[in-house]
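Peer 1: Sharing my_file_28.pdb (PDB, C-alpha atoms and all ligand atoms) below.
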```pdb
ATOM      1  CA  MET A 257       4.867  20.577  22.119
ATOM      2  CA  SER A 258       2.809  17.893  20.437
ATOM      3  CA  ARG A 259      -0.466  18.878  22.168
ATOM      4  CA  ASN A 260      -3.580  18.762  20.040
ATOM      5  CA  PRO A 261      -3.836  22.359  18.711
ATOM      6  CA  PHE A 262      -7.512  21.861  17.841
ATOM      7  CA  ARG A 263      -8.631  21.425  21.444
ATOM      8  CA  GLU A 264      -8.189  23.599  24.506
ATOM      9  CA  ASP A 265      -8.174  20.520  26.731
ATOM     10  CA  GLY A 266      -5.433  18.972  24.564
ATOM     11  CA  GLU A 267      -7.379  15.693  24.219
ATOM     12  CA  PRO A 268      -5.271  13.667  21.747
ATOM     13  CA  VAL A 269      -6.505  12.920  18.234
ATOM     14  CA  ARG A 270      -7.050   9.191  18.359
ATOM     15  CA  ILE A 271      -7.735   7.140  15.276
ATOM     16  CA  ILE A 272      -9.030   3.701  14.364
ATOM     17  CA  GLU A 273      -7.860   2.772  10.880
ATOM     18  CA  THR A 274     -10.084   0.578   8.753
ATOM     19  CA  HIS A 275     -10.544  -0.420   5.158
ATOM     20  CA  THR A 276     -13.740  -1.506   3.449
ATOM     21  CA  GLY A 277     -13.119  -3.566   0.338
ATOM     22  CA  GLY A 278      -9.716  -1.890   0.015
ATOM     23  CA  GLU A 279     -10.911   1.701   0.538
ATOM     24  CA  PRO A 280      -9.581   3.217   3.776
ATOM     25  CA  THR A 281     -11.601   5.036   6.432
ATOM     26  CA  ARG A 282      -9.686   6.842   9.153
ATOM     27  CA  VAL A 283     -12.130   7.047  12.060
ATOM     28  CA  VAL A 284     -11.425   9.919  14.495
ATOM     29  CA  ILE A 285     -12.702   8.676  17.838
ATOM     30  CA  SER A 286     -11.494  11.556  20.039
ATOM     31  CA  GLY A 287      -9.714  14.895  19.925
ATOM     32  CA  GLY A 288     -11.802  16.406  17.115
ATOM     33  CA  PRO A 289     -12.644  20.127  17.096
ATOM     34  CA  ASP A 290     -15.752  21.494  18.795
ATOM     35  CA  LEU A 291     -18.311  21.957  16.013
ATOM     36  CA  GLY A 292     -20.854  23.696  18.242
ATOM     37  CA  GLY A 293     -23.626  21.087  18.179
ATOM     38  CA  GLY A 294     -26.756  21.406  16.050
ATOM     39  CA  SER A 295     -27.655  19.165  13.129
ATOM     40  CA  LEU A 296     -24.931  17.197  11.409
ATOM     41  CA  ALA A 297     -25.503  19.362   8.302
ATOM     42  CA  GLU A 298     -24.734  22.471  10.428
ATOM     43  CA  GLN A 299     -21.717  20.816  12.024
ATOM     44  CA  ARG A 300     -20.468  19.815   8.580
ATOM     45  CA  ARG A 301     -20.641  23.496   7.520
ATOM     46  CA  VAL A 302     -18.654  24.562  10.608
ATOM     47  CA  PHE A 303     -16.147  21.800   9.894
ATOM     48  CA  ARG A 304     -15.798  22.964   6.260
ATOM     49  CA  ASP A 305     -15.527  26.682   7.081
ATOM     50  CA  LYS A 306     -13.399  26.634  10.242
ATOM     51  CA  PHE A 307     -11.495  23.398  10.504
ATOM     52  CA  ASP A 308     -10.031  22.707   7.108
ATOM     53  CA  ARG A 309      -6.617  22.382   8.736
ATOM     54  CA  PHE A 310      -7.955  19.533  10.850
ATOM     55  CA  ARG A 311      -9.333  17.808   7.737
ATOM     56  CA  SER A 312      -6.024  18.199   5.960
ATOM     57  CA  ALA A 313      -4.006  17.066   9.000
ATOM     58  CA  VAL A 314      -6.013  13.837   9.186
ATOM     59  CA  VAL A 315      -6.283  12.747   5.546
ATOM     60  CA  ASN A 316      -3.652  14.531   3.493
ATOM     61  CA  GLU A 317      -0.012  13.572   3.091
ATOM     62  CA  PRO A 318       2.256  12.967   4.936
ATOM     63  CA  ARG A 319      -0.104  11.144   7.347
ATOM     64  CA  GLY A 320      -2.612  10.206   4.661
ATOM     65  CA  SER A 321      -2.989  10.189   0.897
ATOM     66  CA  ASP A 322      -5.462  11.212  -1.796
ATOM     67  CA  VAL A 323      -7.434   8.017  -1.311
ATOM     68  CA  MET A 324      -7.921   8.453   2.450
ATOM     69  CA  VAL A 325     -11.431   9.142   3.764
ATOM     70  CA  GLY A 326     -11.865  10.560   7.261
ATOM     71  CA  ALA A 327     -14.821   9.955   9.577
ATOM     72  CA  LEU A 328     -15.033  12.338  12.534
ATOM     73  CA  LEU A 329     -17.290  10.917  15.229
ATOM     74  CA  THR A 330     -19.472  13.420  17.093
ATOM     75  CA  GLU A 331     -22.215  13.255  19.670
ATOM     76  CA  PRO A 332     -25.454  11.864  18.201
ATOM     77  CA  VAL A 333     -28.407  14.227  17.700
ATOM     78  CA  THR A 334     -31.181  11.724  16.927
ATOM     79  CA  PRO A 335     -32.557   9.906  19.970
ATOM     80  CA  GLY A 336     -31.185   6.368  19.968
ATOM     81  CA  ALA A 337     -28.354   7.053  17.491
ATOM     82  CA  VAL A 338     -24.936   5.700  18.536
ATOM     83  CA  ALA A 339     -22.951   8.638  17.133
ATOM     84  CA  GLY A 340     -22.880  11.380  14.560
ATOM     85  CA  VAL A 341     -20.290  11.328  11.803
ATOM     86  CA  ILE A 342     -18.795  13.812   9.375
ATOM     87  CA  TYR A 343     -17.031  12.307   6.384
ATOM     88  CA  PHE A 344     -14.250  14.082   4.529
ATOM     89  CA  ASN A 345     -11.518  13.449   2.001
ATOM     90  CA  ASN A 346      -8.472  15.079   0.386
ATOM     91  CA  VAL A 347     -10.472  18.091  -0.851
ATOM     92  CA  GLY A 348     -13.286  18.691   1.646
ATOM     93  CA  PRO A 349     -16.210  17.211   3.538
ATOM     94  CA  LEU A 350     -18.352  14.529   1.870
ATOM     95  CA  GLN A 351     -22.111  14.423   2.303
ATOM     96  CA  MET A 352     -22.342  10.696   2.970
ATOM     97  CA  CYS A 353     -20.035   7.753   2.568
ATOM     98  CA  GLY A 354     -21.190   4.151   2.283
ATOM     99  CA  HIS A 355     -17.877   2.353   2.592
ATOM    100  CA  GLY A 356     -17.104   4.766   5.440
ATOM    101  CA  THR A 357     -20.292   3.827   7.282
ATOM    102  CA  ILE A 358     -19.362   0.144   7.024
ATOM    103  CA  GLY A 359     -15.893   1.063   8.364
ATOM    104  CA  VAL A 360     -17.378   3.116  11.214
ATOM    105  CA  GLY A 361     -19.684   0.207  12.162
ATOM    106  CA  VAL A 362     -16.711  -2.160  12.336
ATOM    107  CA  ALA A 363     -14.593   0.399  14.247
ATOM    108  CA  LEU A 364     -17.384   0.867  16.818
ATOM    109  CA  ALA A 365     -17.631  -2.923  17.194
ATOM    110  CA  HIS A 366     -13.839  -3.107  17.649
ATOM    111  CA  LEU A 367     -14.159  -0.540  20.472
ATOM    112  CA  GLY A 368     -16.997  -2.505  22.066
ATOM    113  CA  ARG A 369     -19.381   0.427  21.524
ATOM    114  CA  VAL A 370     -21.874  -1.614  19.483
ATOM    115  CA  SER A 371     -22.748  -5.287  19.324
ATOM    116  CA  ALA A 372     -24.477  -7.365  16.645
ATOM    117  CA  GLY A 373     -27.803  -5.832  15.659
ATOM    118  CA  LYS A 374     -29.270  -2.652  14.227
ATOM    119  CA  HIS A 375     -27.983   0.829  15.002
ATOM    120  CA  LEU A 376     -28.371   4.396  13.815
ATOM    121  CA  LEU A 377     -25.729   6.970  12.816
ATOM    122  CA  ASP A 378     -26.403  10.675  12.224
ATOM    123  CA  THR A 379     -24.896  12.007   9.006
ATOM    124  CA  SER A 380     -25.065  15.369   7.273
ATOM    125  CA  VAL A 381     -27.768  14.035   4.919
ATOM    126  CA  GLY A 382     -29.873  12.423   7.643
ATOM    127  CA  PRO A 383     -29.834   9.364   9.868
ATOM    128  CA  VAL A 384     -28.414   6.206   8.302
ATOM    129  CA  GLY A 385     -29.077   2.763   9.732
ATOM    130  CA  PHE A 386     -26.493   0.046   9.945
ATOM    131  CA  GLU A 387     -26.738  -3.552  11.005
ATOM    132  CA  LEU A 388     -23.647  -5.235  12.402
ATOM    133  CA  HIS A 389     -23.780  -8.923  11.454
ATOM    134  CA  ASP A 390     -20.386  -9.884  12.866
ATOM    135  CA  LEU A 391     -17.106  -8.081  13.631
ATOM    136  CA  HIS A 392     -16.481  -7.411   9.923
ATOM    137  CA  THR A 393     -19.799  -7.441   8.099
ATOM    138  CA  VAL A 394     -22.221  -4.532   8.029
ATOM    139  CA  THR A 395     -25.362  -3.697   6.081
ATOM    140  CA  ILE A 396     -26.100  -0.021   5.763
ATOM    141  CA  GLU A 397     -29.637   1.254   5.304
ATOM    142  CA  ASN A 398     -28.898   4.355   3.314
ATOM    143  CA  VAL A 399     -30.830   7.575   2.852
ATOM    144  CA  PRO A 400     -33.710   7.507   0.319
ATOM    145  CA  SER A 401     -32.162   7.364  -3.135
ATOM    146  CA  TYR A 402     -33.523   8.163  -6.584
ATOM    147  CA  ARG A 403     -32.741   8.801 -10.205
ATOM    148  CA  PHE A 404     -33.205  12.468 -10.972
ATOM    149  CA  ARG A 405     -32.628  12.466 -14.774
ATOM    150  CA  ARG A 406     -32.171   9.724 -17.335
ATOM    151  CA  ASP A 407     -30.038   9.878 -20.489
ATOM    152  CA  VAL A 408     -28.448  13.271 -19.996
ATOM    153  CA  THR A 409     -25.899  14.098 -22.684
ATOM    154  CA  VAL A 410     -22.888  16.216 -21.832
ATOM    155  CA  GLU A 411     -20.327  17.449 -24.352
ATOM    156  CA  VAL A 412     -16.909  16.440 -23.018
ATOM    157  CA  VAL A 413     -13.787  18.269 -24.216
ATOM    158  CA  GLY A 414     -11.543  15.973 -26.261
ATOM    159  CA  ILE A 415     -14.059  13.116 -26.057
ATOM    160  CA  GLY A 416     -17.402  14.235 -27.550
ATOM    161  CA  PRO A 417     -20.911  13.599 -26.256
ATOM    162  CA  VAL A 418     -21.253  11.299 -23.236
ATOM    163  CA  THR A 419     -24.668  10.162 -22.016
ATOM    164  CA  GLY A 420     -25.510   9.095 -18.474
ATOM    165  CA  ASP A 421     -28.028   9.221 -15.641
ATOM    166  CA  ILE A 422     -28.002  11.602 -12.680
ATOM    167  CA  ALA A 423     -28.867   9.896  -9.397
ATOM    168  CA  TRP A 424     -28.741  10.590  -5.655
ATOM    169  CA  GLY A 425     -27.398   7.931  -3.299
ATOM    170  CA  GLY A 426     -26.272  10.225  -0.461
ATOM    171  CA  ASN A 427     -23.928  11.979  -2.937
ATOM    172  CA  TRP A 428     -24.675  13.076  -6.499
ATOM    173  CA  PHE A 429     -23.597  10.657  -9.229
ATOM    174  CA  PHE A 430     -23.362  10.702 -13.007
ATOM    175  CA  LEU A 431     -23.588   7.067 -14.109
ATOM    176  CA  VAL A 432     -22.294   6.088 -17.530
ATOM    177  CA  ARG A 433     -22.393   2.705 -19.225
ATOM    178  CA  GLU A 434     -18.837   1.986 -20.368
ATOM    179  CA  ASP A 435     -18.376  -0.274 -23.387
ATOM    180  CA  GLN A 436     -15.032   0.901 -24.786
ATOM    181  CA  ARG A 437     -12.586   1.170 -21.900
ATOM    182  CA  PRO A 438     -11.911  -1.943 -19.795
ATOM    183  CA  LEU A 439     -12.832  -1.317 -16.128
ATOM    184  CA  ALA A 440      -9.469  -2.695 -15.063
ATOM    185  CA  LEU A 441      -6.514  -1.560 -12.938
ATOM    186  CA  SER A 442      -4.369  -1.694 -16.086
ATOM    187  CA  HIS A 443      -6.476   1.217 -17.467
ATOM    188  CA  LEU A 444      -6.526   3.435 -14.363
ATOM    189  CA  GLU A 445      -4.990   6.500 -16.006
ATOM    190  CA  GLU A 446      -7.374   6.394 -18.926
ATOM    191  CA  LEU A 447     -10.411   5.818 -16.676
ATOM    192  CA  THR A 448      -9.360   8.650 -14.357
ATOM    193  CA  ASP A 449      -8.802  11.028 -17.254
ATOM    194  CA  PHE A 450     -12.155  10.133 -18.857
ATOM    195  CA  THR A 451     -14.207  10.481 -15.658
ATOM    196  CA  TRP A 452     -12.411  13.665 -14.589
ATOM    197  CA  LYS A 453     -13.218  15.236 -17.938
ATOM    198  CA  ILE A 454     -16.874  14.238 -17.550
ATOM    199  CA  ARG A 455     -16.937  15.799 -14.085
ATOM    200  CA  GLN A 456     -15.409  19.042 -15.394
ATOM    201  CA  ALA A 457     -17.885  19.150 -18.287
ATOM    202  CA  LEU A 458     -20.857  18.694 -15.959
ATOM    203  CA  THR A 459     -19.649  21.542 -13.760
ATOM    204  CA  ALA A 460     -18.843  23.818 -16.717
ATOM    205  CA  GLN A 461     -22.269  23.196 -18.256
ATOM    206  CA  ASN A 462     -24.030  23.703 -14.915
ATOM    207  CA  ILE A 463     -25.567  20.228 -14.936
ATOM    208  CA  THR A 464     -26.388  19.526 -11.296
ATOM    209  CA  GLY A 465     -28.538  17.477  -8.948
ATOM    210  CA  ASP A 466     -32.131  18.609  -8.375
ATOM    211  CA  ASP A 467     -31.065  20.678  -5.344
ATOM    212  CA  GLY A 468     -28.432  22.457  -7.459
ATOM    213  CA  GLY A 469     -25.792  20.243  -5.821
ATOM    214  CA  GLU A 470     -22.602  19.600  -7.732
ATOM    215  CA  ILE A 471     -22.316  16.152  -9.303
ATOM    216  CA  ASP A 472     -18.969  15.237  -7.814
ATOM    217  CA  HIS A 473     -18.933  11.444  -8.225
ATOM    218  CA  ILE A 474     -18.679   9.823 -11.663
ATOM    219  CA  GLU A 475     -19.516   6.135 -11.946
ATOM    220  CA  LEU A 476     -18.744   3.945 -14.972
ATOM    221  CA  TYR A 477     -20.369   0.531 -15.111
ATOM    222  CA  GLY A 478     -20.080  -2.518 -17.303
ATOM    223  CA  PRO A 479     -20.171  -6.314 -17.189
ATOM    224  CA  PRO A 480     -18.629  -7.986 -14.116
ATOM    225  CA  ALA A 481     -15.221  -9.691 -14.266
ATOM    226  CA  ASN A 482     -16.569 -12.404 -11.978
ATOM    227  CA  PRO A 483     -19.776 -13.954 -13.355
ATOM    228  CA  GLU A 484     -21.143 -14.318  -9.801
ATOM    229  CA  ASN A 485     -21.472 -10.532  -9.694
ATOM    230  CA  SER A 486     -23.938  -8.223 -11.436
ATOM    231  CA  SER A 487     -21.730  -5.386 -12.639
ATOM    232  CA  ARG A 488     -18.223  -3.950 -12.404
ATOM    233  CA  THR A 489     -17.708  -0.251 -11.680
ATOM    234  CA  PHE A 490     -15.130   2.464 -11.630
ATOM    235  CA  VAL A 491     -16.013   5.411  -9.372
ATOM    236  CA  LEU A 492     -14.091   8.668  -9.419
ATOM    237  CA  CYS A 493     -14.355  10.521  -6.089
ATOM    238  CA  PRO A 494     -14.412  14.345  -5.715
ATOM    239  CA  GLY A 495     -10.649  14.629  -5.071
ATOM    240  CA  LYS A 496      -9.745  12.662  -8.252
ATOM    241  CA  ALA A 497      -8.929   9.410  -6.438
ATOM    242  CA  TYR A 498     -10.792   6.298  -7.559
ATOM    243  CA  ASP A 499     -12.787   4.306  -5.035
ATOM    244  CA  ARG A 500     -11.111   0.991  -4.249
ATOM    245  CA  SER A 501     -14.404  -0.245  -2.807
ATOM    246  CA  PRO A 502     -17.575  -0.657  -4.894
ATOM    247  CA  CYS A 503     -18.719   2.673  -3.364
ATOM    248  CA  GLY A 504     -21.694   2.499  -1.008
ATOM    249  CA  THR A 505     -23.381   5.693  -2.176
ATOM    250  CA  GLY A 506     -22.529   4.712  -5.767
ATOM    251  CA  THR A 507     -24.125   1.294  -5.285
ATOM    252  CA  SER A 508     -27.185   3.103  -3.884
ATOM    253  CA  ALA A 509     -27.365   5.438  -6.899
ATOM    254  CA  ARG A 510     -27.070   2.457  -9.255
ATOM    255  CA  LEU A 511     -29.784   0.553  -7.393
ATOM    256  CA  ALA A 512     -32.061   3.595  -7.815
ATOM    257  CA  CYS A 513     -31.413   3.621 -11.588
ATOM    258  CA  LEU A 514     -31.954  -0.128 -11.969
ATOM    259  CA  VAL A 515     -35.236   0.114 -10.066
ATOM    260  CA  ALA A 516     -36.324   3.124 -12.153
ATOM    261  CA  ASP A 517     -35.631   1.063 -15.305
ATOM    262  CA  GLY A 518     -37.676  -1.858 -13.952
ATOM    263  CA  LYS A 519     -34.544  -4.057 -13.921
ATOM    264  CA  LEU A 520     -34.469  -4.940 -10.208
ATOM    265  CA  ARG A 521     -37.189  -6.356  -7.975
ATOM    266  CA  PRO A 522     -37.239  -6.013  -4.164
ATOM    267  CA  GLU A 523     -36.374  -9.728  -3.784
ATOM    268  CA  ASP A 524     -33.290  -9.473  -6.055
ATOM    269  CA  VAL A 525     -29.671  -9.189  -4.908
ATOM    270  CA  TYR A 526     -27.477  -6.879  -6.958
ATOM    271  CA  ARG A 527     -23.712  -7.476  -6.555
ATOM    272  CA  GLN A 528     -21.560  -4.468  -7.432
ATOM    273  CA  GLU A 529     -17.876  -5.160  -8.102
ATOM    274  CA  SER A 530     -15.170  -2.512  -7.671
ATOM    275  CA  VAL A 531     -12.291  -1.989 -10.076
ATOM    276  CA  ILE A 532     -10.094  -4.031  -7.698
ATOM    277  CA  GLY A 533     -12.685  -6.830  -7.560
ATOM    278  CA  THR A 534     -14.205  -6.265  -4.105
ATOM    279  CA  VAL A 535     -17.974  -6.607  -3.822
ATOM    280  CA  PHE A 536     -20.947  -4.955  -2.113
ATOM    281  CA  GLU A 537     -24.305  -6.696  -2.102
ATOM    282  CA  GLY A 538     -27.226  -4.386  -2.750
ATOM    283  CA  ARG A 539     -30.892  -4.856  -1.934
ATOM    284  CA  TYR A 540     -33.626  -2.283  -1.543
ATOM    285  CA  ARG A 541     -37.018  -1.409  -0.091
ATOM    286  CA  GLN A 542     -39.404   0.805  -1.979
ATOM    287  CA  ASP A 543     -40.504   3.962  -0.161
ATOM    288  CA  GLY A 544     -42.955   5.863  -2.368
ATOM    289  CA  ASP A 545     -40.990   7.043  -5.388
ATOM    290  CA  ARG A 546     -37.652   6.524  -3.591
ATOM    291  CA  VAL A 547     -35.657   3.419  -2.844
ATOM    292  CA  ILE A 548     -34.059   2.660   0.500
ATOM    293  CA  PRO A 549     -30.767   0.966  -0.405
ATOM    294  CA  LEU A 550     -29.464  -1.835   1.791
ATOM    295  CA  VAL A 551     -25.768  -2.280   1.058
ATOM    296  CA  THR A 552     -23.682  -5.025   2.649
ATOM    297  CA  GLY A 553     -19.891  -5.083   2.774
ATOM    298  CA  THR A 554     -16.963  -6.072   4.933
ATOM    299  CA  ALA A 555     -14.357  -3.943   6.668
ATOM    300  CA  TYR A 556     -11.285  -4.634   8.780
ATOM    301  CA  VAL A 557      -9.529  -2.649  11.471
ATOM    302  CA  ASN A 558      -5.857  -2.348  10.529
ATOM    303  CA  GLY A 559      -4.483   0.223  12.932
ATOM    304  CA  GLU A 560      -4.847   2.302  16.069
ATOM    305  CA  THR A 561      -2.998   5.592  16.072
ATOM    306  CA  THR A 562      -2.517   8.773  18.068
ATOM    307  CA  PHE A 563      -1.571  11.818  16.018
ATOM    308  CA  LEU A 564       1.136  14.199  17.240
ATOM    309  CA  PHE A 565       1.426  17.857  16.222
ATOM    310  CA  GLU A 566       5.056  18.856  16.624
ATOM    311  CA  GLU A 567       5.272  22.660  16.351
ATOM    312  CA  ARG A 568       8.421  22.562  14.233
ATOM    313  CA  ASP A 569       6.884  20.128  11.776
ATOM    314  CA  PRO A 570       6.035  22.248   8.705
ATOM    315  CA  PHE A 571       3.537  19.618   7.560
ATOM    316  CA  ARG A 572       1.746  18.972  10.852
ATOM    317  CA  TYR A 573      -1.475  20.140   9.123
ATOM    318  CA  GLY A 574      -0.800  18.098   6.024
ATOM    319  CA  ILE A 575       0.352  19.164   2.569
ATOM    320  CA  ARG A 576      -2.458  21.387   1.302
TER
HETATM  321  O1  LIG B 601     -18.596   4.379  -0.359
HETATM  322  O2  LIG B 601     -20.038   6.007  -0.607
HETATM  323  C1  LIG B 601     -18.897   5.558  -0.635
HETATM  324  C2  LIG B 601     -17.794   6.472  -0.987
HETATM  325  C3  LIG B 601     -17.865   7.782  -1.363
HETATM  326  C4  LIG B 601     -16.567   8.217  -1.578
HETATM  327  C5  LIG B 601     -15.725   7.161  -1.347
HETATM  328  N1  LIG B 601     -16.493   6.105  -0.975
END
```
Taking this structure as input, can you express it in the form of structure tokens?

Peer 2:
Amino acid sequence: MSRNPFREDGEPVRIIETHTGGEPTRVVISGGPDLGGGSLAEQRRVFRDKFDRFRSAVVNEPRGSDVMVGALLTEPVTPGAVAGVIYFNNVGPLQMCGHGTIGVGVALAHLGRVSAGKHLLDTSVGPVGFELHDLHTVTIENVPSYRFRRDVTVEVVGIGPVTGDIAWGGNWFFLVREDQRPLALSHLEELTDFTWKIRQALTAQNITGDDGGEIDHIELYGPPANPENSSRTFVLCPGKAYDRSPCGTGTSARLACLVADGKLRPEDVYRQESVIGTVFEGRYRQDGDRVIPLVTGTAYVNGETTFLFEERDPFRYGIR
């Protein structure tokens, strides 16, 4: 009755719950659908086109919430990689996820599948390195990141012109310096409304990444609340939830912009603060005209779950 409907062998959907700087990652360690092998980009397409019910069952209410990010572990495809991973949220698959990769590293350590040292994960945008320092601390070595366009002005309905940079950090970002609205939890509604309107304006005006990819993450940045940090941010994710963590791909995109502006040297440490005050440390290596972001954060395991799919439960596949 509560067999896993996504698998002929009925292997249960088993989960390790984590959070990275307050942002949850629900790591699916078994019972995921068969995505047919191939590259992680191909498997992500199969996941998007055929298994949206699985996505929704894992991250949407009533099991999850709009802020939940899922990480489906798959077999690795790159020799030496520990696993493949497909990230997803309340509206669809993500390309990459930095806080999620830190969470996956800590979940794999919790399971005894990795020990301290360097490892490789396959993602839909290419292999991503991660170094486990201890049971909670991970540095990810992200995909090559870059600023695509500087000072792009978009006309935002009800707001007026807004200027920002377009950068790739594993996802596409529009990064805006914010001087008027406090990047504070007390201003969440206003920040969400502002960034959502920017996102809609970018889409309506066909302003995209250099591969035509939709810019689905909006990042506001300003001075840090804690003077030990470099900058405070508010990141709106594709499903309209704000990132509780400092956003790993967002930190990567910001590093790329700072380097492009000549404001960060390879020996510098850039500390990005989230809107709830959690911090990622960013460093980088130069690789031609790209930067390789190194982003360090901490994650904790806070649950182990097996999902049940009761046939009479009208919301066994989530509220969609
Ligand atoms: O950490 O890269 C990240 C991320 C993307 C969406 C939510 N978190």

Peer 1: Can you tell me which residues sit at most 10 Å away from ligand LIG 601 (chain B), counting all atoms listed in the file, written as a ChimeraX atom specification?

Peer 2: /A:276-277,279-281,323-325,343-345,350-359,398,425-427,472-473,491-495,497-509,536,551

Peer 1: Got time to write the residues from that selection, C-alpha atoms, as a JSON list (two decimals), in the frame of the given file?

Peer 2:
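Output (selection-v1.json):
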```
[["chain", "number", "residue", "atom", "x", "y", "z"],
["A", 276, "THR", "CA", -13.74, -1.51, 3.45],
["A", 277, "GLY", "CA", -13.12, -3.57, 0.34],
["A", 279, "GLU", "CA", -10.91, 1.70, 0.54],
["A", 280, "PRO", "CA", -9.58, 3.22, 3.78],
["A", 281, "THR", "CA", -11.60, 5.04, 6.43],
["A", 323, "VAL", "CA", -7.43, 8.02, -1.31],
["A", 324, "MET", "CA", -7.92, 8.45, 2.45],
["A", 325, "VAL", "CA", -11.43, 9.14, 3.76],
["A", 343, "TYR", "CA", -17.03, 12.31, 6.38],
["A", 344, "PHE", "CA", -14.25, 14.08, 4.53],
["A", 345, "ASN", "CA", -11.52, 13.45, 2.00],
["A", 350, "LEU", "CA", -18.35, 14.53, 1.87],
["A", 351, "GLN", "CA", -22.11, 14.42, 2.30],
["A", 352, "MET", "CA", -22.34, 10.70, 2.97],
["A", 353, "CYS", "CA", -20.04, 7.75, 2.57],
["A", 354, "GLY", "CA", -21.19, 4.15, 2.28],
["A", 355, "HIS", "CA", -17.88, 2.35, 2.59],
["A", 356, "GLY", "CA", -17.10, 4.77, 5.44],
["A", 357, "THR", "CA", -20.29, 3.83, 7.28],
["A", 358, "ILE", "CA", -19.36, 0.14, 7.02],
["A", 359, "GLY", "CA", -15.89, 1.06, 8.36],
["A", 398, "ASN", "CA", -28.90, 4.36, 3.31],
["A", 425, "GLY", "CA", -27.40, 7.93, -3.30],
["A", 426, "GLY", "CA", -26.27, 10.22, -0.46],
["A", 427, "ASN", "CA", -23.93, 11.98, -2.94],
["A", 472, "ASP", "CA", -18.97, 15.24, -7.81],
["A", 473, "HIS", "CA", -18.93, 11.44, -8.22],
["A", 491, "VAL", "CA", -16.01, 5.41, -9.37],
["A", 492, "LEU", "CA", -14.09, 8.67, -9.42],
["A", 493, "CYS", "CA", -14.36, 10.52, -6.09],
["A", 494, "PRO", "CA", -14.41, 14.34, -5.72],
["A", 495, "GLY", "CA", -10.65, 14.63, -5.07],
["A", 497, "ALA", "CA", -8.93, 9.41, -6.44],
["A", 498, "TYR", "CA", -10.79, 6.30, -7.56],
["A", 499, "ASP", "CA", -12.79, 4.31, -5.04],
["A", 500, "ARG", "CA", -11.11, 0.99, -4.25],
["A", 501, "SER", "CA", -14.40, -0.24, -2.81],
["A", 502, "PRO", "CA", -17.58, -0.66, -4.89],
["A", 503, "CYS", "CA", -18.72, 2.67, -3.36],
["A", 504, "GLY", "CA", -21.69, 2.50, -1.01],
["A", 505, "THR", "CA", -23.38, 5.69, -2.18],
["A", 506, "GLY", "CA", -22.53, 4.71, -5.77],
["A", 507, "THR", "CA", -24.12, 1.29, -5.28],
["A", 508, "SER", "CA", -27.18, 3.10, -3.88],
["A", 509, "ALA", "CA", -27.36, 5.44, -6.90],
["A", 536, "PHE", "CA", -20.95, -4.96, -2.11],
["A", 551, "VAL", "CA", -25.77, -2.28, 1.06]]
```

Peer 1: Would you list the contacts of Gln461 of chain A as a list in words, taking every protein, DNA or RNA residue within 10 Å and counting all atoms listed in the file, but skipping same-chain residues closer than 2 positions in sequence?

Peer 2: Val410, Glu411, Val412, Gln456, Ala457, Leu458, Thr459, Ile463 and Thr464 of chain A

Peer 1: Next, write the just-selected residues to a file, as a short mmCIF file (atom, residue, chain, number, x, y, z; two decimals), in the coordinates of the input, keeping C-alpha atoms as the atom set.

Peer 2:
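Listing of again_23.cif after writing:
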```
data_model
loop_
_atom_site.label_atom_id
_atom_site.label_comp_id
_atom_site.auth_asym_id
_atom_site.auth_seq_id
_atom_site.Cartn_x
_atom_site.Cartn_y
_atom_site.Cartn_z
CA VAL A 410 -22.89 16.22 -21.83
CA GLU A 411 -20.33 17.45 -24.35
CA VAL A 412 -16.91 16.44 -23.02
CA GLN A 456 -15.41 19.04 -15.39
CA ALA A 457 -17.89 19.15 -18.29
CA LEU A 458 -20.86 18.69 -15.96
CA THR A 459 -19.65 21.54 -13.76
CA ILE A 463 -25.57 20.23 -14.94
CA THR A 464 -26.39 19.53 -11.30
#
```

Peer 1: Please, what distance in Å, to one decimal, runs between atom CA of Leu431 of chain A and atom CA of Thr379 of chain A?

Peer 2: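 Distance between the two atoms: 23.7 Å.
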
Peer 1: May I ask for the distance between atom CA of Ala327 of chain A and atom CA of Asp390 of chain A, given in Å to one decimal place?

Peer 2: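 Taking atom CA of Ala327 of chain A as the start and atom CA of Asp390 of chain A as the end point, the length is 20.9 Å.
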
Peer 1: Expand the PyMOL selection byres (((chain A and resi 405) around 6) and not hetatm) into the individual residues it matches in the shown file, reporting them as a PyMOL selection string.

Peer 2: chain A and resi 403-404+406+421-422

Peer 1: Of the residues A:Ile454, A:Ala365, A:Ile285, A:Ile271, which is the one nearest to Gly414 of chain A, using all atoms listed in the file?

Peer 2: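 Ranked by minimum distance to Gly414 of chain A, first place goes to A:Ile454.
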
Peer 1: A:Ile548, A:Ile272, A:Ile532, A:Leu328: which is nearest Leu444 of chain A, counting all atoms listed in the file?

Peer 2: A:Ile532

Peer 1: May I have the residues within 12 Å of Pro438 of chain A as a list in words, using only C-alpha atoms and disregarding those fewer than 5 positions away in the same chain?

Peer 2: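 Everything that qualifies: Arg433, His443, Leu444, Glu445, Glu446, Leu447, Leu476, Tyr477, Gly478, Pro479, Pro480, Ala481, Arg488, Thr489, Phe490 and Val531 of chain A.
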
Peer 1: Quick one, how far is atom CA of Glu529 of chain A from atom CA of Ser321 of chain A?

Peer 2: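 Atom-to-atom, atom CA of Glu529 of chain A and atom CA of Ser321 of chain A are spaced 23.2 Å apart.
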
Peer 1: How big is the axis-aligned box around all listed atoms of segment 305-310 of chain A once 6 Å goes on each side, and where's its centre, in Å to one decimal, as lines of an AutoDock Vina configuration file?

Peer 2:
```
center_x = -11.1
center_y = 23.1
center_z = 9.0
size_x = 20.9
size_y = 19.1
size_z = 15.8
```
